[in-house]
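Student: Before we start, here is the structure in question, set down as structure tokens.
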Amino acid sequence: MLTRWSRRVVLVVGVAVASAALAAEPVKLTDASFLDVDAQLKAAEGRPNEVSRLSGLKAYLSRDYSGARTQFERAAYYADKYSQHYLSLMYWHGSGVPLDRVQAYIWADLAAERGSRQMLLIREKMWSDLTPAQQAQAAEQGLALYDRYGDGVAKPRAEGAMRRFADDMTGSRAGYDGQMLATSGKPVSGQFFAKTGSNASSFTQTAVGTREQLYGAAGRGMSRYWAEQDRLLEGKVRVGPVVPVRKDRSD
């Protein structure tokens, strides 16, 4: 439908969606505590997308919404789909940012770029709740965000930063290059559905191999990293009854 955008997939399901006008509290992005999130930062060192995402969640939990948005945008700059999802929720619900359904949809479309079923479901529900004028605005404004945050530019940017970190922190001046590296497991996950929620947060850590295996020129290791990120993004979606959305939206 939109040039250079991921093709829209129509998903017909009943989901519960809360109107931002009805929400007195900021939308909940995670089930984890501030200390839970903070504990993951050390394990995420060297992966700017994960470090910025976790820093954004810490700021959000501290009600520093400006700081949270800045950190999520930085993580999104490094191809972090979780943070693109969080930005979408913040704009959709007006949590710490001006309510902007157009921006919310564009970030949701970015979060769904890799075809995550959960992210596609959220994107399509948002699209169906936009007015025709808002849909036209999303088409007009979306390309600029894709030019900056789409995987085509953001993944190479993230991989370059990770490789530079690995070059500084691993290997041996005497020629040994066999240290094992690890990637963080499942980060904290957000929720879009009112009263039904998505998957709860959980944390693991998985050793993936040597620096060359992860960051080697062939790129196979980086493919493994992104595949693991995508696998963890899915989670479980619980579907509830439809909750009517208030009709007092403006264009």
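Chain labels follow the order of the structure tokens: the first chain is A, the next B, and so on; residue numbering restarts at 1 in every chain, and ligands are counted from 1 in their shown order.
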Go through region 50-167 of chain A and collect every residue that DSSP, computed from the backbone, puts in helix (DSSP H, G or I); the answer should be as a ChimeraX atom specification.
Tutor: /A:50-61,65-77,81-93,101-111,117-129,132-149,151-167
Student: Just to confirm, what's the straight-line distance from CA of Ala76 (chain A) to CA of Gln118 (chain A) in Å (one decimal)?
Tutor: 17.9 Å
Student: What's the separation between CA of Ala43 (chain A) and CA of Ser55 (chain A), in Å to one decimal place?
Tutor: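 Answer for the CA of Ala43 (chain A) to CA of Ser55 (chain A) separation: 12.8 Å.
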Student: Can you pull out the residues contacting Val27 (chain A)? Cut-off 8 Å, using only C-alpha atoms, and skip same-chain residues under 5 positions away; I want them as a list in words.
Tutor: Leu89, Met90, His93 and Ser95 of chain A
Student: Using only C-alpha atoms, determine which residues lie at most 10 Å from region 104-114 of chain A, disregarding the query and same-chain residues fewer than 2 positions distant; provide the list as a ChimeraX atom specification.
Tutor: /A:5-8,76,79-94,99-102,116-127,129-130,134-135,137-139,141-143,145-146,149-151,230,233
Student: Please, could you write that set of residues out with N, CA and C atoms as a compact mmCIF listing (two decimals), in the first residue's frame?
Tutor:
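Okay, this is what ended up in out-v7.txt:
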# COMPACT_ATOMS: atom_id res chain seq x y z
N TRP A 5 7.15 0.68 2.13
CA TRP A 5 6.68 0.21 3.44
C TRP A 5 6.42 -1.28 3.34
N SER A 6 6.42 -1.94 4.50
CA SER A 6 6.06 -3.34 4.51
C SER A 6 4.60 -3.47 4.10
N ARG A 7 4.29 -4.50 3.31
CA ARG A 7 2.94 -4.67 2.82
C ARG A 7 1.98 -4.93 3.97
N ARG A 8 0.85 -4.26 3.96
CA ARG A 8 -0.11 -4.43 5.02
C ARG A 8 -0.78 -5.78 4.90
N ALA A 76 15.95 2.87 18.51
CA ALA A 76 15.32 2.68 17.21
C ALA A 76 16.29 2.99 16.07
N ALA A 79 18.04 -0.04 15.00
CA ALA A 79 17.20 -1.14 14.53
C ALA A 79 16.51 -1.91 15.63
N ASP A 80 16.20 -1.26 16.75
CA ASP A 80 15.56 -1.95 17.86
C ASP A 80 14.05 -1.90 17.71
N LYS A 81 13.45 -3.04 17.38
CA LYS A 81 12.01 -3.10 17.13
C LYS A 81 11.21 -2.93 18.42
N TYR A 82 11.74 -3.37 19.54
CA TYR A 82 11.04 -3.17 20.80
C TYR A 82 10.83 -1.68 21.06
N SER A 83 11.88 -0.89 20.87
CA SER A 83 11.79 0.54 21.15
C SER A 83 10.88 1.24 20.16
N GLN A 84 10.86 0.80 18.93
CA GLN A 84 9.92 1.36 17.97
C GLN A 84 8.49 1.07 18.42
N HIS A 85 8.28 -0.12 18.96
CA HIS A 85 6.98 -0.48 19.53
C HIS A 85 6.63 0.41 20.73
N TYR A 86 7.59 0.65 21.62
CA TYR A 86 7.34 1.48 22.79
C TYR A 86 6.99 2.91 22.38
N LEU A 87 7.70 3.45 21.39
CA LEU A 87 7.38 4.79 20.91
C LEU A 87 5.97 4.83 20.34
N SER A 88 5.59 3.79 19.64
CA SER A 88 4.24 3.71 19.11
C SER A 88 3.20 3.79 20.22
N LEU A 89 3.43 3.04 21.30
CA LEU A 89 2.49 3.05 22.42
C LEU A 89 2.44 4.42 23.09
N MET A 90 3.60 5.04 23.26
CA MET A 90 3.62 6.36 23.91
C MET A 90 2.81 7.37 23.10
N TYR A 91 2.98 7.37 21.79
CA TYR A 91 2.24 8.33 20.97
C TYR A 91 0.76 7.97 20.88
N TRP A 92 0.45 6.69 20.83
CA TRP A 92 -0.95 6.27 20.71
C TRP A 92 -1.75 6.67 21.94
N HIS A 93 -1.14 6.52 23.11
CA HIS A 93 -1.83 6.80 24.36
C HIS A 93 -1.53 8.20 24.91
N GLY A 94 -0.63 8.95 24.26
CA GLY A 94 -0.25 10.24 24.79
C GLY A 94 0.46 10.14 26.12
N LEU A 99 -0.36 13.27 22.33
CA LEU A 99 -1.07 12.20 21.64
C LEU A 99 -1.02 12.46 20.14
N ASP A 100 -0.52 11.47 19.39
CA ASP A 100 -0.37 11.63 17.95
C ASP A 100 -0.55 10.26 17.31
N ARG A 101 -1.75 9.99 16.84
CA ARG A 101 -2.06 8.68 16.28
C ARG A 101 -1.31 8.41 14.97
N VAL A 102 -1.00 9.45 14.24
CA VAL A 102 -0.25 9.27 12.99
C VAL A 102 1.17 8.80 13.29
N SER A 116 6.80 -9.66 12.36
CA SER A 116 6.33 -10.23 13.62
C SER A 116 4.82 -10.24 13.64
N ARG A 117 4.24 -11.40 13.91
CA ARG A 117 2.78 -11.51 13.93
C ARG A 117 2.17 -10.57 14.97
N GLN A 118 2.80 -10.51 16.13
CA GLN A 118 2.28 -9.65 17.19
C GLN A 118 2.31 -8.19 16.77
N MET A 119 3.43 -7.76 16.18
CA MET A 119 3.54 -6.37 15.77
C MET A 119 2.60 -6.04 14.60
N LEU A 120 2.42 -7.01 13.69
CA LEU A 120 1.47 -6.81 12.59
C LEU A 120 0.05 -6.65 13.11
N LEU A 121 -0.29 -7.44 14.10
CA LEU A 121 -1.62 -7.37 14.69
C LEU A 121 -1.88 -5.99 15.29
N ILE A 122 -0.91 -5.49 16.03
CA ILE A 122 -1.05 -4.17 16.64
C ILE A 122 -1.12 -3.08 15.57
N ARG A 123 -0.25 -3.20 14.57
CA ARG A 123 -0.25 -2.20 13.50
C ARG A 123 -1.60 -2.14 12.79
N GLU A 124 -2.16 -3.30 12.49
CA GLU A 124 -3.42 -3.32 11.76
C GLU A 124 -4.58 -2.78 12.60
N LYS A 125 -4.55 -3.05 13.90
CA LYS A 125 -5.61 -2.50 14.75
C LYS A 125 -5.51 -0.99 14.80
N MET A 126 -4.28 -0.47 14.88
CA MET A 126 -4.11 0.98 14.87
C MET A 126 -4.59 1.57 13.55
N TRP A 127 -4.23 0.94 12.44
CA TRP A 127 -4.62 1.45 11.13
C TRP A 127 -6.14 1.54 11.02
N ASP A 129 -8.21 2.13 13.26
CA ASP A 129 -8.74 3.18 14.11
C ASP A 129 -8.35 4.58 13.66
N LEU A 130 -7.56 4.69 12.59
CA LEU A 130 -7.22 6.00 12.04
C LEU A 130 -8.35 6.49 11.13
N GLN A 134 -6.00 10.79 8.65
CA GLN A 134 -4.82 10.34 9.38
C GLN A 134 -4.05 9.29 8.59
N GLN A 135 -4.78 8.41 7.90
CA GLN A 135 -4.11 7.41 7.06
C GLN A 135 -3.30 8.08 5.95
N GLN A 137 -2.00 11.07 6.08
CA GLN A 137 -0.85 11.71 6.73
C GLN A 137 0.24 10.68 7.03
N ALA A 138 -0.15 9.48 7.46
CA ALA A 138 0.83 8.44 7.75
C ALA A 138 1.61 8.07 6.50
N ALA A 139 0.90 7.97 5.36
CA ALA A 139 1.58 7.66 4.11
C ALA A 139 2.55 8.75 3.72
N GLN A 141 4.05 11.04 5.80
CA GLN A 141 5.11 11.27 6.77
C GLN A 141 6.01 10.06 7.01
N GLY A 142 5.53 8.88 6.66
CA GLY A 142 6.23 7.67 7.04
C GLY A 142 7.59 7.45 6.39
N LEU A 143 7.74 7.89 5.15
CA LEU A 143 8.98 7.61 4.44
C LEU A 143 10.19 8.25 5.11
N LEU A 145 10.73 8.66 8.27
CA LEU A 145 11.16 7.83 9.40
C LEU A 145 11.81 6.55 8.91
N TYR A 146 11.31 5.99 7.80
CA TYR A 146 11.95 4.79 7.25
C TYR A 146 13.36 5.09 6.77
N TYR A 149 15.18 5.16 10.27
CA TYR A 149 15.05 4.07 11.24
C TYR A 149 14.75 2.70 10.63
N GLY A 150 14.55 2.62 9.33
CA GLY A 150 14.26 1.33 8.71
C GLY A 150 15.46 0.39 8.77
N ASP A 151 15.20 -0.90 8.70
CA ASP A 151 16.27 -1.89 8.81
C ASP A 151 17.37 -1.72 7.77
N ASP A 230 14.31 -11.32 16.88
CA ASP A 230 12.98 -11.46 16.29
C ASP A 230 12.18 -12.56 16.96
N LEU A 233 10.79 -11.34 20.14
CA LEU A 233 9.80 -10.28 19.98
C LEU A 233 8.38 -10.83 19.93
